[in-house]
Amino acid sequence: VFESLDNTVKSPEDIEQTVQLPVLGVIAKWDVKQKELIVHEDRTSDVAEAFRAIRTSLLFSSPDKPLHTLLITSPHAEEGKTVVACNLAATIAQSGARVLLVDADMRKPQVNRLLEQDHPQGLSHALTNSTDVAELIQPTPIENLSVLFCGPVPPTPSELLGSQKMRTLVERLGEQFDYCIFDSSPFMAVTDPVVLAAWVDGVVWVTRYNRTPKDVLVRGKQKFLEVQAQLVGVIVNGVDWMQERYRYRAYESYGYRSDLEQEEVPAPHT
């Protein structure tokens with residue numbers, strides 16, 4: 001009875017049946033406070049393996065039109081989108097591709113805290129003055145991974161992200177790097193990710209196990225379809241693997257595919 005009354009996401013089937021979007025992968029719950037960038041700090045962990053499986057699902061999901069620019073968002077705050085975006089960017093960079101992580105969350109930017117580095121200038125400067133964006137891009141300790149921090153939070157983020165200047169910037173960055181990962185705000189809270197979705201090649205949602213309401217996904221899908229955004233798929237984050245193992249039998253291999261360690265991700269601009 002309690003389960004029938006629970007409207008939150010519990011399994012990949014919940015997402016596929018509710019919004020007819022593919023599930024790119026599932027990520028088990030781990031101690032994020034101890035290892036936020038787990039794919040770099042513990043590359044042999046099951047969670048790191050899961051991110052590599054998602055990398056494969058994601059980057060080969062559109063063979064006819066490669067996804068060079070990707071927007072990562074979630075329905076609500078605290079569903080893990082920034083942690084997922086950073087780990088996904090690092091995972092792609094570990095394959096040898098040149099990756100740029102862009103903090104496009106102009107409400108509550110968190111990428112600088114997670115990477116434990118900062119820069120006083122960033123995306124907001126590139127959109128509000130004549131600063132060359134190349135001067136704002138910073139290296140990270142992870143090979144092949146660069147970052148463009150948010151910079152000072154602007155008073156009108158949605159207008160900046162929906163501007164023609166942002167569109168031009170996305171196109172330019174997509175030409176300079178093999179893959180650009182944009183971390184954005186939650187789409188049910190503000191319009192920022194919806195307007196930005198119109199400029200990128202694809203959008204990935206991060207949902208939280210036992211927290212994200214299924215009806216919210218339906219409303220969110222309509223928002224992105226209105227701007228003709230390409231919804232690539234959904235990542236289920238924070239799964240209690242032991243409690244829900246029976247629901248995830250088809251996904252058990254996600255954390256144990258050691259052959260993904262040596263895979264080569266295509267780098268179309270090299």
# chains A, B, ... in the order shown; residues from 1 in each chain; ligands from 1

$ closest_atom_pairs --of "stretch 42-92 of chain A" --to "stretch 215-237 of chain A" --cutoff "12 Å" --atoms "only C-alpha atoms" --output "Markdown table"
| residue | atom | partner | partner_atom | distance |
| --- | --- | --- | --- | --- |
| A:Val47 | CA | A:Asn237 | CA | 10.5 |
| A:Ala50 | CA | A:Asn237 | CA | 10.6 |
| A:Phe51 | CA | A:Ile235 | CA | 10.0 |
| A:Ala53 | CA | A:Ile235 | CA | 11.3 |
| A:Ile54 | CA | A:Ile235 | CA | 8.1 |
| A:Arg55 | CA | A:Ile235 | CA | 11.0 |
| A:Ser57 | CA | A:Gly233 | CA | 9.5 |
| A:Leu58 | CA | A:Val232 | CA | 7.7 |
| A:Leu59 | CA | A:Val232 | CA | 10.0 |
| A:Phe60 | CA | A:Val232 | CA | 10.8 |
| A:Ser61 | CA | A:Val232 | CA | 7.6 |
| A:Ser62 | CA | A:Val232 | CA | 8.4 |
| A:Lys65 | CA | A:Gln230 | CA | 11.1 |
| A:Pro66 | CA | A:Val232 | CA | 11.4 |
| A:Leu67 | CA | A:Val232 | CA | 9.2 |
| A:Thr69 | CA | A:Gln230 | CA | 11.1 |
| A:Leu70 | CA | A:Val232 | CA | 9.1 |
| A:Leu71 | CA | A:Leu231 | CA | 9.6 |
| A:Ile72 | CA | A:Val234 | CA | 9.7 |
| A:Thr73 | CA | A:Val234 | CA | 9.8 |
| A:Ser74 | CA | A:Val234 | CA | 9.3 |
| A:Pro75 | CA | A:Val216 | CA | 7.1 |
| A:His76 | CA | A:Val216 | CA | 9.3 |
| A:Glu78 | CA | A:Asn237 | CA | 10.8 |
| A:Glu79 | CA | A:Asn237 | CA | 7.4 |
| A:Gly80 | CA | A:Asn237 | CA | 7.0 |
| A:Lys81 | CA | A:Asn237 | CA | 8.7 |
| A:Thr82 | CA | A:Asn237 | CA | 11.5 |
| A:Val83 | CA | A:Asn237 | CA | 10.0 |
| A:Val84 | CA | A:Asn237 | CA | 8.2 |
| A:Ala85 | CA | A:Ile235 | CA | 10.8 |
| A:Leu88 | CA | A:Ile235 | CA | 11.0 |

$ select_by_dssp --residues "stretch 66-230 of chain A" --states "helix (DSSP H, G or I)" --output "VMD selection string"
chain A and resid 81 to 94 111 to 115 123 to 128 133 to 135 157 to 161 164 to 176 192 to 197 214 to 226

$ atom_distance --atom1 "atom CA of A:Arg98" --atom2 "atom CA of A:Leu145"
6.4 Å

$ residues_around --residues "A:His119" --least-positions-apart "6" --cutoff "10 Å" --atoms "only C-alpha atoms" --output "VMD selection string"
chain A and resid 112 136 to 138 147 to 152

$ closest_residue --among "A:Asp240, A:Asp64, A:Asp192, A:Glu36" --to "A:Asn87" --atoms "only C-alpha atoms"
A:Glu36
